[in-house]
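**Student:** Here you go, one structure.
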There are 2 protein chains.
Amino acid sequence: MFKKVLLAEDFQDTNLGIVDTLKTKLHIQEIREELYCDKALNRLKGAHSNNSPFELLITDLHFKEDHVERKITSGVELIRAARKLQPNLKVIVNSMEDNPVKINPLFKEENIDAYVCKGRHSLEELVKAIQEVYHNRTYYSPQINLNVSNNVFELDQFDLDILKDLANGLTKKEISEKLKSQNISPNSESTIDKKVSRLFDEFGAKNTNHLIAKLIKLGKI
Amino acid sequence: MFKKVLLAEDFQDTNLGIVDTLKTKLHIQEIREELYCDKALNRLKGAHSNNSPFELLITDLHFKEDHVERKITSGVELIRAARKLQPNLKVIVNSMEDNPVKINPLFKEENIDAYVCKGRHSLEELVKAIQEVYHNRTYYSPQINLNVSNNVFELDQFDLDILKDLANGLTKKEISEKLKSQNISPNSESTIDKKVSRLFDEFGAKNTNHLIAKLIKLGKI
DNA sequence: CAATCCCTTACGCTATTCTGTAAAGGATTT
DNA sequence: AAATCCTTTACAGAATAGCGTAAGGGATTG
């Protein structure tokens with residue numbers, strides 16, 4: 001089993017429960033906890049330069065703001081910095097995020113080893129995840145699949161650009177003019193109208209406000 | 001000190017940390033934990049009819065959905081049902097919500113005794129909150145005020161309701177009609193216009209799309 | 001008591017959105 | 001070559017958004 005584990009998590013009470021469980025159920029010898037990303041990274045660096053590196057990082061995704069100044073503010077940034085320092089470091093993300101649209105990129109882009117969704121069984125799941133990761137397998141909280149949105153529809157780059165512009169407050173006329181100035185075709189206001197109207201149908205939106213709200217919540221834009 | 005405490009919280013790991021702390025630091029004899037609101041209420045009822053009622057309820061606000069069918073789905077509903085059964089029950093809310101607009105009504109409408117915001121010091125705060133409540137005083141997490149100052153402008157419930165309706169695709173006319181049917185005032189289309197226009201200025205938005213996108217990304221709606 | 005401020009509401013005007021129809025051109029099929 | 005499909009585009013009309021002005025009422029101030 002892992003001998004040296006780092007836990008980055010800003011909820012003090014959660015922290016305590018996890019540390020206790022890992023010690024009693026998995027007999028992990030050394031578990032360090034840090035409440036801030038910056039401090040977690042410093043601890044990784046220190047251990048690395050002392051030739052006694054951590055083997056596993058368990059981190060949350062969202063860290064609350066505070067009076068303390070911070071350079072790194074999210075779990076993803078912490079993972080990137082940690083992997084830059086120590087590419088073979090195993091990483092488990094433990095967060096309350098249950099949107100697969102947000103979680104799947106963690107496996108694809110950040111190559112995390114496991115995702116545990118905080119909830120009623122997260123301690124048992126975390127134990128299982130650590131065991132799986134220790135044997136070089138991945139783990140994914142089962143209840144996430146239940147919440148999967150059944151949207152198979154994929155937005156292409158043209159759709160995405162239009163939607164982002166709309167979310168940034170541009171009118172369709174302005175978007176049309178922007179595309180023309182960039183020599184991107186198609187670019188007519190009419191076509192933009194048609195594209196967006198089709199997205200209304202695809203995502204069941206009543207109007208642009210509704211569409212943008214849905215897509216931002218889905219993490220698509 | 002309290003002798004019998006009920007903890008309603010759907011995050012298993014949080015639960016463990018809290019129970020451990022309350023036992024060791026406050027020497028509370030009996031602490032029951034429940035992962036579902038319904039079960040928590042049942043336990044309150046059972047203890048009440050056995051003439052050994054709970055003295056304190058510590059509850060979260062949001063409970064995740066599950067395969068289990070539930071009647072009560074939020075902390076507020078649990079508090080109301082609990083107070084109906086046992087009006088003198090002390091209540092502490094322990095949640096990650098840090099928006100004063102959401103928290104203040106808990107004191108005003110639900111007469112809760114303390115609010116502890118989950119975070120880096122929530123365990124110490126919870127201990128302090130319990131001690132205060134035991135002496136018939138109220139407690140309010142100090143960092144909540146700090147988080148307010150970041151955002152000079154605060155959205156009141158009326159603004160929030162309008163924004164959520166807009167994000168759900170309702171037109172201003174429809175929102176006006178909805179408010180009228182609910183006998184909520186003000187309710188004219190003109191006032192809704194004015195409210196939203198003021199939010200454009202406050203948040204530097206060009207139009208409704210822009211405003212909604214910004215506020216969703218800020219986690220306000 | 002009058003003056004003032006703030007909030008709500010009505011109204012009017014222009015810009016934009018949303019929804020159709022239709023025409024033109026390219027690509028594919030028959 | 002003809003028919004068909006798809007995309008782009010223009011245009012038109014009704015609904016909605018966005019913004020200014022103005023009037024009325026309640027609360028506060030001088």
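Letters for chains follow the order of the structure tokens (A, B, ...), residue numbers begin at 1 for each chain, and ligand numbers begin at 1 in the order shown.
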Give as a short mmCIF file (atom, residue, chain, number, x, y, z; two decimals) with N, CA and C atoms, in the first residue's frame every residue of chain A that touches chain C within 10 Å, counting only C-alpha atoms (C1' of nucleotides).
**Tutor:**
```
data_model
loop_
_atom_site.label_atom_id
_atom_site.label_comp_id
_atom_site.auth_asym_id
_atom_site.auth_seq_id
_atom_site.Cartn_x
_atom_site.Cartn_y
_atom_site.Cartn_z
N THR A 171 -24.30 41.24 -30.05
CA THR A 171 -25.52 40.96 -30.80
C THR A 171 -25.17 40.12 -32.01
N LYS A 172 -26.20 39.55 -32.62
CA LYS A 172 -25.95 38.74 -33.80
C LYS A 172 -25.37 39.57 -34.94
N LYS A 173 -25.81 40.81 -35.02
CA LYS A 173 -25.26 41.70 -36.05
C LYS A 173 -23.77 41.92 -35.81
N ASP A 193 -28.60 33.26 -37.12
CA ASP A 193 -29.96 33.01 -36.65
C ASP A 193 -30.31 31.53 -36.75
N LYS A 194 -30.09 30.98 -37.93
CA LYS A 194 -30.46 29.57 -38.17
C LYS A 194 -29.69 28.64 -37.25
N SER A 197 -31.05 28.89 -33.75
CA SER A 197 -32.38 28.31 -33.65
C SER A 197 -32.33 26.79 -33.59
N ASN A 207 -35.17 30.37 -25.59
CA ASN A 207 -34.55 31.54 -26.23
C ASN A 207 -33.05 31.56 -25.90
N THR A 208 -32.39 32.62 -26.31
CA THR A 208 -30.94 32.66 -26.14
C THR A 208 -30.52 32.65 -24.67
#
```
**Student:** Per DSSP on the backbone, what are the helix (DSSP H, G or I) residues of chain A, as a VMD selection string?
**Tutor:** chain A and resid 12 to 26 37 to 49 75 to 85 100 to 108 122 to 134 143 to 146 157 to 167 172 to 181 189 to 203 208 to 217
**Student:** So that I can check the surroundings of segment 8-15 of chain D, please list as a PyMOL selection string every protein, DNA and RNA residue that reaches within 8 Å of it, counting only C-alpha atoms (C1' of nucleotides) and ignoring chain neighbours fewer than 3 positions away.
**Tutor:** (chain A and resi 186+188+190-191) or (chain C and resi 18)
**Student:** Report as a ChimeraX atom specification all protein, DNA and RNA residues lying within 7 Å of segment 3-15 of chain B, evaluated on only C-alpha atoms (C1' of nucleotides), omitting residues in the same chain fewer than 2 positions from it.
**Tutor:** /A:13-14,17-18,118-123 /B:1,17-19,28-37,40,54-60,63
**Student:** Kindly give the distance, in Å, that separates atom CA of Leu26 of chain A and atom CA of Pro87 of chain A, rounded to a single decimal.
**Tutor:**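 These atoms are spaced 24.3 Å apart.
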**Student:** Taking 5 positions as the minimum chain separation for residues in the same chain, which residues sit within 9 Å of Leu215 of chain B when counting only C-alpha atoms (C1' of nucleotides)? Answer as an MDAnalysis selection string.
**Tutor:** chainID B and resid 163 203 210 220:221
**Student:** Save the residues we just selected, all heavy atoms, as a short mmCIF file (atom, residue, chain, number, x, y, z; two decimals), in the first residue's frame?
**Tutor:**
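The result, written out as again.cif:
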```cif
data_model
loop_
_atom_site.label_atom_id
_atom_site.label_comp_id
_atom_site.auth_asym_id
_atom_site.auth_seq_id
_atom_site.Cartn_x
_atom_site.Cartn_y
_atom_site.Cartn_z
N LEU B 163 -33.62 36.88 -12.18
CA LEU B 163 -32.50 36.36 -12.96
C LEU B 163 -32.67 34.87 -13.25
O LEU B 163 -32.39 34.41 -14.36
CB LEU B 163 -31.20 36.61 -12.21
CG LEU B 163 -30.78 38.09 -12.16
CD1 LEU B 163 -29.69 38.30 -11.13
CD2 LEU B 163 -30.30 38.53 -13.54
N PHE B 203 -22.81 45.02 -12.85
CA PHE B 203 -21.92 43.92 -13.22
C PHE B 203 -21.24 44.15 -14.57
O PHE B 203 -20.59 43.26 -15.09
CB PHE B 203 -22.70 42.59 -13.23
CG PHE B 203 -23.10 42.14 -11.85
CD1 PHE B 203 -24.33 42.47 -11.33
CD2 PHE B 203 -22.22 41.40 -11.08
CE1 PHE B 203 -24.69 42.07 -10.04
CE2 PHE B 203 -22.57 40.99 -9.80
CZ PHE B 203 -23.81 41.34 -9.28
N HIS B 210 -25.31 38.54 -21.53
CA HIS B 210 -24.02 38.79 -20.89
C HIS B 210 -24.15 38.71 -19.37
O HIS B 210 -23.33 38.10 -18.69
CB HIS B 210 -23.55 40.18 -21.31
CG HIS B 210 -22.08 40.42 -21.08
ND1 HIS B 210 -21.50 41.66 -21.21
CD2 HIS B 210 -21.09 39.58 -20.74
CE1 HIS B 210 -20.20 41.56 -20.94
NE2 HIS B 210 -19.93 40.32 -20.66
N LYS B 220 -23.63 32.81 -8.79
CA LYS B 220 -24.67 33.54 -8.06
C LYS B 220 -26.07 33.00 -8.38
O LYS B 220 -26.98 33.16 -7.59
CB LYS B 220 -24.62 35.03 -8.42
CG LYS B 220 -23.27 35.66 -8.14
CD LYS B 220 -23.36 36.67 -7.01
CE LYS B 220 -21.99 37.22 -6.66
NZ LYS B 220 -21.99 37.89 -5.37
N ILE B 221 -26.23 32.46 -9.54
CA ILE B 221 -27.54 31.91 -9.89
C ILE B 221 -27.39 30.51 -10.44
O ILE B 221 -26.31 30.09 -10.77
CB ILE B 221 -28.32 32.77 -10.90
CG1 ILE B 221 -27.49 33.04 -12.16
CG2 ILE B 221 -28.74 34.06 -10.27
CD1 ILE B 221 -28.21 33.84 -13.20
#
```
**Student:** Under the rule of at most 10 Å, produce a per-residue listing of chain D near chain B: chain, number, name, the closest pair of atoms, and the distance in Å, as a Markdown table, using only C-alpha atoms (C1' of nucleotides).
**Tutor:**
```
| residue | atom | partner | partner_atom | distance |
| --- | --- | --- | --- | --- |
| D:DT16 | C1' | B:Thr171 | CA | 7.6 |
| D:DA17 | C1' | B:Thr208 | CA | 8.7 |
| D:DG18 | C1' | B:Asp193 | CA | 8.0 |
| D:DC19 | C1' | B:Ser197 | CA | 8.8 |
```
**Student:** Mind running a least-squares superposition of chain A onto chain B over all the C-alpha atoms, in order, and reading off the RMSD?
**Tutor:** 3.7 Å
**Student:** Determine which residues of chain A DSSP labels as strand (DSSP E) from the backbone of this structure, then write them out as a list in words.
**Tutor:** Lys4, Val5, Leu6, Leu7, Ala8, Glu30, Ile31, Arg32, Glu33, Glu34, Leu56, Leu57, Ile58, Thr59, Lys90, Val91, Ile92, Val93, Asn94, Ser95, Ala114, Tyr115, Val116, Cys117, Tyr139 and Tyr140 of chain A
**Student:** Using C-alpha atoms, can you export the residues from the last selection as a compact mmCIF listing (two decimals), in the first residue's frame?
**Tutor:**
```
# COMPACT_ATOMS: atom_id res chain seq x y z
CA LYS A 4 3.10 8.60 1.91
CA VAL A 5 -0.02 10.46 0.91
CA LEU A 6 -0.86 14.16 0.60
CA LEU A 7 -4.39 15.42 1.10
CA ALA A 8 -5.36 18.86 -0.24
CA GLU A 30 2.19 9.13 6.59
CA ILE A 31 -0.72 11.33 5.65
CA ARG A 32 -0.18 15.07 5.35
CA GLU A 33 -3.11 17.45 5.01
CA GLU A 34 -3.04 20.93 3.58
CA LEU A 56 -0.35 9.85 -3.95
CA LEU A 57 -2.13 13.19 -4.04
CA ILE A 58 -5.78 13.40 -3.03
CA THR A 59 -7.21 16.80 -3.87
CA LYS A 90 -0.78 9.26 -8.60
CA VAL A 91 -3.72 11.64 -8.33
CA ILE A 92 -7.21 11.11 -6.92
CA VAL A 93 -9.74 13.93 -7.14
CA ASN A 94 -12.31 14.05 -4.33
CA SER A 95 -14.93 16.70 -4.92
CA ALA A 114 -9.47 8.27 -9.87
CA TYR A 115 -12.48 10.45 -9.23
CA VAL A 116 -14.48 10.15 -6.02
CA CYS A 117 -17.69 12.13 -5.75
CA TYR A 139 -11.62 4.48 -10.38
CA TYR A 140 -14.76 6.50 -11.11
```
